[in-house]
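What follows is the content of input_32.txt, which has compact mmCIF, C-alpha atoms:
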```txt
# COMPACT_ATOMS: atom_id res chain seq x y z
CA MET A 1 0.00 0.00 0.00
CA THR A 2 2.94 2.32 -0.51
CA GLU A 3 2.77 2.91 -4.26
CA GLY A 4 3.61 6.48 -5.16
CA ILE A 5 5.18 7.27 -1.79
CA PRO A 6 8.99 7.23 -1.91
CA LEU A 7 11.06 6.26 1.12
CA ASN A 8 12.37 9.82 1.34
CA TYR A 9 8.95 11.12 2.37
CA PHE A 10 8.88 8.87 5.42
CA LEU A 11 12.43 9.89 6.33
CA VAL A 12 11.62 13.61 6.02
CA LEU A 13 8.53 13.13 8.18
CA SER A 14 10.48 11.35 10.90
CA THR A 15 13.28 13.95 10.73
CA LEU A 16 10.80 16.77 11.28
CA MET A 17 9.22 14.91 14.18
CA PHE A 18 12.65 14.21 15.70
CA PHE A 19 13.71 17.85 15.63
CA ILE A 20 10.36 19.06 16.97
CA GLY A 21 11.04 16.69 19.87
CA ILE A 22 14.54 18.17 20.25
CA TYR A 23 13.05 21.68 20.34
CA GLY A 24 10.64 20.65 23.07
CA PHE A 25 13.44 18.96 24.99
CA LEU A 26 15.48 22.17 24.92
CA THR A 27 12.72 24.64 25.80
CA ARG A 28 10.47 22.81 28.25
CA ARG A 29 11.03 23.05 32.01
CA ASN A 30 8.37 20.73 33.34
CA LEU A 31 9.68 17.16 33.77
CA ILE A 32 6.55 15.54 32.32
CA THR A 33 6.66 17.65 29.16
CA ILE A 34 10.34 16.77 28.75
CA LEU A 35 9.31 13.12 28.98
CA MET A 36 6.70 13.72 26.27
CA SER A 37 9.38 15.23 24.01
CA VAL A 38 11.49 12.11 24.53
CA GLU A 39 8.51 9.98 23.51
CA LEU A 40 8.23 12.02 20.30
CA ILE A 41 11.90 11.40 19.55
CA LEU A 42 11.58 7.65 20.16
CA ASN A 43 8.49 7.52 17.98
CA SER A 44 10.24 9.23 15.07
CA VAL A 45 13.07 6.70 15.29
CA ASN A 46 10.47 3.93 15.13
CA ILE A 47 9.05 5.35 11.89
CA ASN A 48 12.57 5.35 10.44
CA PHE A 49 13.19 1.72 11.40
CA VAL A 50 9.89 0.49 10.01
CA SER A 51 10.11 2.35 6.69
CA PHE A 52 13.71 1.23 6.10
CA ASN A 53 12.58 -2.31 6.77
CA LYS A 54 9.65 -2.07 4.38
CA TYR A 55 11.46 -0.37 1.50
CA LEU A 56 15.02 -1.70 1.59
CA TYR A 57 14.81 -5.17 3.22
CA PRO A 58 11.22 -6.39 2.77
CA GLU A 59 12.32 -10.03 2.87
CA ARG A 60 13.47 -9.72 6.49
CA LEU A 61 11.87 -8.26 9.59
CA GLN A 62 14.72 -6.64 11.53
CA GLY A 63 13.24 -3.14 11.62
CA HIS A 64 9.88 -4.53 12.64
CA PHE A 65 11.28 -6.44 15.59
CA PHE A 66 13.57 -3.68 16.77
CA THR A 67 10.63 -1.29 16.73
CA LEU A 68 8.81 -3.73 19.00
CA PHE A 69 11.81 -3.75 21.35
CA ILE A 70 12.06 0.06 21.28
CA ILE A 71 8.39 0.32 22.23
CA ALA A 72 9.01 -2.03 25.17
CA VAL A 73 12.04 0.01 26.28
CA ALA A 74 9.99 3.22 25.98
CA ALA A 75 7.30 1.75 28.20
CA ALA A 76 9.87 0.73 30.84
CA GLU A 77 11.52 4.15 30.61
CA ALA A 78 8.19 5.96 31.03
CA ALA A 79 7.32 3.87 34.10
CA VAL A 80 10.66 4.54 35.82
CA ALA A 81 10.64 8.23 34.85
CA ILE A 82 7.16 8.73 36.26
CA ALA A 83 8.13 7.00 39.52
CA ILE A 84 11.09 9.40 39.78
CA ILE A 85 8.89 12.40 38.93
CA ILE A 86 6.37 11.48 41.63
CA ASN A 87 9.20 11.09 44.13
CA ILE A 88 10.61 14.50 43.15
CA TYR A 89 7.17 16.04 43.55
CA ARG A 90 6.90 14.57 47.02
CA ASN A 91 10.21 16.09 48.10
CA PHE A 92 10.24 19.45 46.30
CA LYS A 93 6.47 20.10 45.82
CA SER A 94 7.23 20.94 42.17
CA ILE A 95 8.35 19.15 39.03
CA ASN A 96 10.19 22.02 37.42
CA VAL A 97 13.75 21.15 36.51
CA GLU A 98 15.07 24.33 38.13
CA ASP A 99 13.59 23.48 41.50
CA ALA A 100 15.08 20.01 41.72
CA ASP A 101 18.70 21.02 42.16
CA GLU A 102 20.00 18.86 44.98
CA MET A 103 20.43 15.12 45.34
CA LYS A 104 20.08 14.98 49.12
CA TYR A 105 17.11 16.46 50.88
CA MET B 1 -3.48 11.77 -6.15
CA SER B 2 -4.30 8.21 -5.22
CA GLY B 3 -5.97 7.12 -2.02
CA ASN B 4 -2.88 5.93 -0.22
CA GLN B 5 -0.97 9.09 -1.07
CA PHE B 6 -3.85 11.12 0.33
CA MET B 7 -3.80 9.05 3.53
CA PHE B 8 -0.04 9.49 3.85
CA TYR B 9 -0.27 13.27 3.53
CA LEU B 10 -3.17 13.35 5.97
CA PHE B 11 -1.27 11.33 8.59
CA SER B 12 1.90 13.40 8.03
CA ALA B 13 0.00 16.66 8.46
CA ILE B 14 -1.61 15.41 11.67
CA ILE B 15 1.74 14.20 13.00
CA ILE B 16 3.61 17.44 12.25
CA VAL B 17 0.88 19.81 13.47
CA PHE B 18 0.19 17.93 16.68
CA SER B 19 3.90 17.38 17.39
CA ILE B 20 4.40 21.14 17.26
CA LEU B 21 1.38 21.67 19.49
CA THR B 22 2.72 19.04 21.92
CA VAL B 23 5.96 20.91 22.48
CA THR B 24 4.48 24.43 22.45
CA SER B 25 1.14 24.10 24.25
CA ARG B 26 1.15 25.95 27.57
CA LYS B 27 -1.43 23.68 29.19
CA ILE B 28 0.09 20.37 30.17
CA LEU B 29 -2.99 18.18 29.88
CA ARG B 30 -3.62 19.47 26.35
CA ALA B 31 -0.03 18.65 25.44
CA ALA B 32 -0.62 15.06 26.57
CA ILE B 33 -3.77 14.79 24.42
CA TYR B 34 -1.90 16.19 21.40
CA LEU B 35 0.77 13.55 21.98
CA LEU B 36 -1.99 10.93 21.86
CA PHE B 37 -3.06 12.18 18.40
CA VAL B 38 0.55 11.93 17.18
CA LEU B 39 0.89 8.35 18.41
CA VAL B 40 -2.42 7.24 16.90
CA SER B 41 -1.53 8.67 13.48
CA THR B 42 1.83 6.93 13.68
CA SER B 43 0.00 3.67 14.12
CA GLY B 44 -2.00 4.61 11.01
CA LEU B 45 1.30 4.86 9.12
CA TYR B 46 2.21 1.34 10.32
CA PHE B 47 -1.13 0.08 9.01
CA MET B 48 -0.30 1.69 5.65
CA LEU B 49 3.02 -0.16 5.58
CA ASN B 50 1.15 -3.45 6.19
CA TYR B 51 2.59 -4.14 9.66
CA GLN B 52 -0.70 -4.75 11.42
CA PHE B 53 0.77 -6.35 14.53
CA LEU B 54 3.13 -3.42 15.04
CA ALA B 55 0.28 -0.95 14.59
CA ALA B 56 -1.78 -2.80 17.19
CA VAL B 57 1.16 -2.77 19.61
CA GLN B 58 1.62 0.94 18.98
CA LEU B 59 -2.05 1.58 19.74
CA THR B 60 -2.25 -0.54 22.88
CA LEU B 61 1.17 0.16 24.41
CA TYR B 62 1.91 3.74 23.35
CA ALA B 63 -1.52 5.29 22.92
CA GLY B 64 -3.13 3.12 25.54
CA GLY B 65 -0.42 2.60 28.13
CA ILE B 66 2.15 5.37 28.08
CA VAL B 67 -0.26 8.26 27.46
CA VAL B 68 -2.54 7.05 30.25
CA LEU B 69 0.49 6.82 32.55
CA ILE B 70 1.53 10.37 31.60
CA ILE B 71 -1.99 11.77 32.10
CA PHE B 72 -2.21 10.00 35.45
CA SER B 73 1.02 11.54 36.65
CA ILE B 74 -0.07 14.97 35.36
CA LEU B 75 -3.21 14.71 37.46
CA LEU B 76 -1.10 13.70 40.47
CA THR B 77 1.45 16.49 40.19
CA SER B 78 -0.04 19.64 38.67
CA HIS B 79 -3.15 21.77 38.62
CA ILE B 80 -5.04 21.28 35.38
CA SER B 81 -5.90 24.95 34.91
CA GLU B 82 -2.31 26.03 35.46
CA LYS B 83 -0.52 27.60 32.49
CA PHE B 84 3.24 27.52 31.98
CA GLU B 85 5.13 30.78 31.93
CA PRO B 86 6.10 31.71 28.38
CA ILE B 87 9.64 30.65 27.57
CA LYS B 88 12.33 33.30 27.47
CA PRO B 89 12.58 34.67 23.90
CA GLN B 90 16.34 34.20 23.79
CA LYS B 91 16.10 30.55 24.83
CA GLY B 92 13.22 29.93 22.42
CA ILE B 93 15.05 31.50 19.48
CA PHE B 94 18.29 29.63 20.07
CA SER B 95 16.49 26.30 20.53
CA ALA B 96 14.48 26.90 17.35
CA ILE B 97 17.64 27.78 15.42
CA ALA B 98 19.35 24.61 16.66
CA ALA B 99 16.35 22.42 15.77
CA ILE B 100 15.78 24.01 12.34
CA ALA B 101 19.47 23.83 11.45
CA GLY B 102 19.59 20.16 12.37
CA ALA B 103 16.39 19.42 10.47
CA VAL B 104 17.56 21.25 7.33
CA LEU B 105 20.92 19.47 7.39
CA CYS B 106 19.29 16.04 7.75
CA ILE B 107 16.58 16.69 5.14
CA VAL B 108 19.09 17.98 2.58
CA THR B 109 21.21 14.87 3.12
CA ILE B 110 18.20 12.55 2.85
CA LEU B 111 16.84 14.15 -0.33
CA ASP B 112 20.30 14.10 -1.85
CA TYR B 113 20.71 10.35 -1.43
CA LYS B 114 19.05 8.06 -3.95
CA PHE B 115 17.70 5.02 -2.18
CA SER B 116 17.34 2.04 -4.47
CA ALA B 117 14.12 0.31 -3.51
CA ASN B 118 14.42 -3.42 -3.02
CA THR B 119 12.09 -5.40 -5.25
CA ALA B 120 12.34 -8.66 -3.33
CA VAL B 121 9.08 -10.32 -2.40
CA ALA B 122 7.91 -8.92 0.91
CA ARG B 123 7.83 -11.44 3.72
CA GLU B 124 4.39 -12.09 5.02
CA VAL B 125 3.93 -10.79 8.55
CA ASN B 126 1.39 -12.76 10.50
CA MET B 127 1.26 -13.85 14.12
CA ASN B 128 2.77 -17.23 13.26
CA VAL B 129 5.87 -15.66 11.70
CA ILE B 130 6.26 -13.12 14.50
CA GLY B 131 5.98 -15.71 17.26
CA LYS B 132 8.38 -18.14 15.59
CA ASP B 133 10.94 -15.40 14.90
CA LEU B 134 10.85 -14.15 18.46
CA MET B 135 11.49 -17.65 19.80
CA ASN B 136 14.08 -18.61 17.21
CA TYR B 137 17.84 -18.58 17.80
CA GLY B 138 18.98 -19.22 14.24
CA TYR B 139 18.96 -16.96 11.20
CA ASP B 140 16.15 -14.38 11.58
CA GLY B 141 15.78 -15.26 15.25
CA TYR B 142 15.45 -12.69 17.98
CA ILE B 143 15.45 -14.69 21.19
CA LEU B 144 18.40 -12.82 22.75
CA PRO B 145 16.88 -9.31 22.59
CA PHE B 146 13.55 -10.82 23.61
CA GLU B 147 15.06 -12.28 26.79
CA VAL B 148 17.01 -9.08 27.51
CA ILE B 149 13.81 -7.05 27.18
CA SER B 150 11.98 -9.37 29.57
CA VAL B 151 14.72 -8.94 32.20
CA LEU B 152 14.69 -5.17 31.58
CA LEU B 153 10.92 -4.97 32.08
CA LEU B 154 11.17 -6.90 35.36
CA ALA B 155 13.99 -4.63 36.56
CA ALA B 156 12.07 -1.49 35.57
CA MET B 157 8.95 -2.72 37.34
CA ILE B 158 10.78 -3.44 40.59
CA ALA B 159 12.72 -0.17 40.34
CA SER B 160 9.63 1.97 39.85
CA ILE B 161 7.88 0.32 42.80
CA VAL B 162 10.93 0.89 45.02
CA ILE B 163 11.39 4.51 43.90
CA ALA B 164 7.74 5.55 44.19
CA LYS B 165 7.19 3.80 47.52
CA LYS B 166 6.64 6.05 50.53
CA ILE B 167 9.39 5.79 53.12
CA LYS B 168 7.94 5.60 56.61
CA ASN B 169 9.99 7.01 59.46
```

Re-express the file's structure as structure tokens.
Amino acid sequence: MTEGIPLNYFLVLSTLMFFIGIYGFLTRRNLITILMSVELILNSVNINFVSFNKYLYPERLQGHFFTLFIIAVAAAEAAVAIAIIINIYRNFKSINVEDADEMKY
Amino acid sequence: MSGNQFMFYLFSAIIIVFSILTVTSRKILRAAIYLLFVLVSTSGLYFMLNYQFLAAVQLTLYAGGIVVLIIFSILLTSHISEKFEPIKPQKGIFSAIAAIAGAVLCIVTILDYKFSANTAVAREVNMNVIGKDLMNYGYDGYILPFEVISVLLLAAMIASIVIAKKIKN
């Protein structure tokens, strides 16, 4: 179902998404929004993997499986990050990156 | 313009617009909902590429699991009506310049390179193939990353319970 859509279009789409995520990562101050930017970046990498798999190596499934593994890693990362964020909120009453500036409380 | 091209442009437009809204929205709950739209349209792209299992995983794990987790933690940690302060203009401009420069560099490189599409017969992707490949240790087998991921998930689960637990004293 990809007739008429070159591989480059998918790559440009994922590049744009990646750098929008980078912009959010640089400008946001709230820990949860930074986490959302990281999810955007991971998602754009997934699009890259899958489209390379489909267009260049359709007889194998490496990109497909590594996208599955990246999704699993992203889920684990989100769970740990949110546990840390809730712990930071408990100790500093805020989840801004500027407020959390000491390891020991 | 054929139907699949139209769908591709539609999904791309949704992804780009809502990605920008995700990183610029000043209300945090709205940003999370915009992220949900991005993830759902990404799963639409996977459906277009004929990877149905991957699209289903994207919908259930990303759109269903991670976004719900994020929204849950937003409700636990911030006031919904609260708006972020606008970012400092200097910081915003420099971040935008860095992101745009990187994007332009990558896009120019990508458009410059001529990918030669492979005409080999596409391998059929059904549950049988996926299950056998994940459990296989030969050629086209992925049992090692599968096992590593299972250990990683267990470790992450224990770690998040230990970190988020209240310490009584």

Stretch 67-71 of chain B environment, 10 Å, only C-alpha atoms, sequence neighbours closer than 3 positions dropped, as an NGL selection string: (:A and (32-33 or 35-36 or 39 or 75 or 78-79 or 81-82)) or (:B and (28-33 or 35-36 or 39 or 61-64 or 74-77))

So that each row is one residue of chain A with an atom at most 6 Å from chain B, can you give its shortest atom pair and the distance in Å to one decimal, using only C-alpha atoms, rows by chain and rising number, as JSON lines?
```
{"residue": "A:Met1", "atom": "CA", "partner": "B:Met48", "partner_atom": "CA", "distance": 5.9}
{"residue": "A:Val12", "atom": "CA", "partner": "B:Ile107", "partner_atom": "CA", "distance": 5.9}
{"residue": "A:Phe19", "atom": "CA", "partner": "B:Ala99", "partner_atom": "CA", "distance": 5.3}
{"residue": "A:Tyr23", "atom": "CA", "partner": "B:Ala99", "partner_atom": "CA", "distance": 5.7}
{"residue": "A:Gly24", "atom": "CA", "partner": "B:Val23", "partner_atom": "CA", "distance": 4.7}
{"residue": "A:Tyr55", "atom": "CA", "partner": "B:Ala117", "partner_atom": "CA", "distance": 5.7}
{"residue": "A:Leu56", "atom": "CA", "partner": "B:Asn118", "partner_atom": "CA", "distance": 5.0}
{"residue": "A:Pro58", "atom": "CA", "partner": "B:Ala122", "partner_atom": "CA", "distance": 4.6}
{"residue": "A:Glu59", "atom": "CA", "partner": "B:Arg123", "partner_atom": "CA", "distance": 4.8}
{"residue": "A:Ala76", "atom": "CA", "partner": "B:Ala156", "partner_atom": "CA", "distance": 5.7}
{"residue": "A:Val80", "atom": "CA", "partner": "B:Ser160", "partner_atom": "CA", "distance": 4.9}
{"residue": "A:Ala83", "atom": "CA", "partner": "B:Ala164", "partner_atom": "CA", "distance": 4.9}
{"residue": "A:Asn87", "atom": "CA", "partner": "B:Ala164", "partner_atom": "CA", "distance": 5.7}
```

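One distance worth recording is that between atom CA of A:Thr15 and atom CA of B:Asn126, which is 29.2 Å.
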
Centre and edge lengths of an axis-aligned box around all listed atoms of stretch 109-113 of chain B, with 5 Å added on each side, are to be given in Å to one decimal, as JSON.
```
{"center_x": 19.0, "center_y": 12.6, "center_z": 0.6, "size_x": 14.4, "size_y": 14.5, "size_z": 15.0}
```

When you count all atoms listed in the file, which of these residues is closest to A:Val50: A:Leu11, A:Val73, A:Leu26, A:Ile84? A:Leu11

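Counting from atom CA of A:Ile22, the distance to atom CA of B:Val40 is 20.5 Å.
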
Got a sec to check which residues sit within 9 Å of (9.7, 10.0, 16.3), counting all atoms listed in the file, and write them as number ranges by chain? A: 13-19, 21, 38-48; B: 42

Please, what distance in Å, to one decimal, runs between atom CA of A:Arg60 and atom CA of B:Phe6?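 If I compute the distance from atom CA of A:Arg60 to atom CA of B:Phe6, I get 27.8 Å.
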
Find the residues around A:Arg29 up to 8 Å (all atoms listed in the file counted), leave out those fewer than 6 positions away in its own chain, and share them as a list of chain:residue names.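 Here the answer would be A:Asn96, A:Val97, A:Glu98.
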
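Considering the residues A:Ser37, A:Thr27, A:Thr2, A:Gln62 and counting all atoms listed in the file, B:Tyr34 has its shortest atom-to-atom contact with A:Ser37.
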
Residue nearest A:Ile71 among B:Gln52, B:Ser41, B:Thr60, B:Asn128 (counting all atoms listed in the file):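 Smallest distance to A:Ile71 is found for B:Thr60.
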
Kindly write C-alpha atoms of stretch 46-146 of chain B from the structure just given to a file, as a tab-separated table (two decimals), in the first residue's frame.
```tsv
chain	number	residue	atom	x	y	z
B	46	TYR	CA	2.21	1.34	10.32
B	47	PHE	CA	-1.13	0.08	9.01
B	48	MET	CA	-0.30	1.69	5.65
B	49	LEU	CA	3.02	-0.16	5.58
B	50	ASN	CA	1.15	-3.45	6.19
B	51	TYR	CA	2.59	-4.14	9.66
B	52	GLN	CA	-0.70	-4.75	11.42
B	53	PHE	CA	0.77	-6.35	14.53
B	54	LEU	CA	3.13	-3.42	15.04
B	55	ALA	CA	0.28	-0.95	14.59
B	56	ALA	CA	-1.78	-2.80	17.19
B	57	VAL	CA	1.16	-2.77	19.61
B	58	GLN	CA	1.62	0.94	18.98
B	59	LEU	CA	-2.05	1.58	19.74
B	60	THR	CA	-2.25	-0.54	22.88
B	61	LEU	CA	1.17	0.16	24.41
B	62	TYR	CA	1.91	3.74	23.35
B	63	ALA	CA	-1.52	5.29	22.92
B	64	GLY	CA	-3.13	3.12	25.54
B	65	GLY	CA	-0.42	2.60	28.13
B	66	ILE	CA	2.15	5.37	28.08
B	67	VAL	CA	-0.26	8.26	27.46
B	68	VAL	CA	-2.54	7.05	30.25
B	69	LEU	CA	0.49	6.82	32.55
B	70	ILE	CA	1.53	10.37	31.60
B	71	ILE	CA	-1.99	11.77	32.10
B	72	PHE	CA	-2.21	10.00	35.45
B	73	SER	CA	1.02	11.54	36.65
B	74	ILE	CA	-0.07	14.97	35.36
B	75	LEU	CA	-3.21	14.71	37.46
B	76	LEU	CA	-1.10	13.70	40.47
B	77	THR	CA	1.45	16.49	40.19
B	78	SER	CA	-0.04	19.64	38.67
B	79	HIS	CA	-3.15	21.77	38.62
B	80	ILE	CA	-5.04	21.28	35.38
B	81	SER	CA	-5.90	24.95	34.91
B	82	GLU	CA	-2.31	26.03	35.46
B	83	LYS	CA	-0.52	27.60	32.49
B	84	PHE	CA	3.24	27.52	31.98
B	85	GLU	CA	5.13	30.78	31.93
B	86	PRO	CA	6.10	31.71	28.38
B	87	ILE	CA	9.64	30.65	27.57
B	88	LYS	CA	12.33	33.30	27.47
B	89	PRO	CA	12.58	34.67	23.90
B	90	GLN	CA	16.34	34.20	23.79
B	91	LYS	CA	16.10	30.55	24.83
B	92	GLY	CA	13.22	29.93	22.42
B	93	ILE	CA	15.05	31.50	19.48
B	94	PHE	CA	18.29	29.63	20.07
B	95	SER	CA	16.49	26.30	20.53
B	96	ALA	CA	14.48	26.90	17.35
B	97	ILE	CA	17.64	27.78	15.42
B	98	ALA	CA	19.35	24.61	16.66
B	99	ALA	CA	16.35	22.42	15.77
B	100	ILE	CA	15.78	24.01	12.34
B	101	ALA	CA	19.47	23.83	11.45
B	102	GLY	CA	19.59	20.16	12.37
B	103	ALA	CA	16.39	19.42	10.47
B	104	VAL	CA	17.56	21.25	7.33
B	105	LEU	CA	20.92	19.47	7.39
B	106	CYS	CA	19.29	16.04	7.75
B	107	ILE	CA	16.58	16.69	5.14
B	108	VAL	CA	19.09	17.98	2.58
B	109	THR	CA	21.21	14.87	3.12
B	110	ILE	CA	18.20	12.55	2.85
B	111	LEU	CA	16.84	14.15	-0.33
B	112	ASP	CA	20.30	14.10	-1.85
B	113	TYR	CA	20.71	10.35	-1.43
B	114	LYS	CA	19.05	8.06	-3.95
B	115	PHE	CA	17.70	5.02	-2.18
B	116	SER	CA	17.34	2.04	-4.47
B	117	ALA	CA	14.12	0.31	-3.51
B	118	ASN	CA	14.42	-3.42	-3.02
B	119	THR	CA	12.09	-5.40	-5.25
B	120	ALA	CA	12.34	-8.66	-3.33
B	121	VAL	CA	9.08	-10.32	-2.40
B	122	ALA	CA	7.91	-8.92	0.91
B	123	ARG	CA	7.83	-11.44	3.72
B	124	GLU	CA	4.39	-12.09	5.02
B	125	VAL	CA	3.93	-10.79	8.55
B	126	ASN	CA	1.39	-12.76	10.50
B	127	MET	CA	1.26	-13.85	14.12
B	128	ASN	CA	2.77	-17.23	13.26
B	129	VAL	CA	5.87	-15.66	11.70
B	130	ILE	CA	6.26	-13.12	14.50
B	131	GLY	CA	5.98	-15.71	17.26
B	132	LYS	CA	8.38	-18.14	15.59
B	133	ASP	CA	10.94	-15.40	14.90
B	134	LEU	CA	10.85	-14.15	18.46
B	135	MET	CA	11.49	-17.65	19.80
B	136	ASN	CA	14.08	-18.61	17.21
B	137	TYR	CA	17.84	-18.58	17.80
B	138	GLY	CA	18.98	-19.22	14.24
B	139	TYR	CA	18.96	-16.96	11.20
B	140	ASP	CA	16.15	-14.38	11.58
B	141	GLY	CA	15.78	-15.26	15.25
B	142	TYR	CA	15.45	-12.69	17.98
B	143	ILE	CA	15.45	-14.69	21.19
B	144	LEU	CA	18.40	-12.82	22.75
B	145	PRO	CA	16.88	-9.31	22.59
B	146	PHE	CA	13.55	-10.82	23.61
```
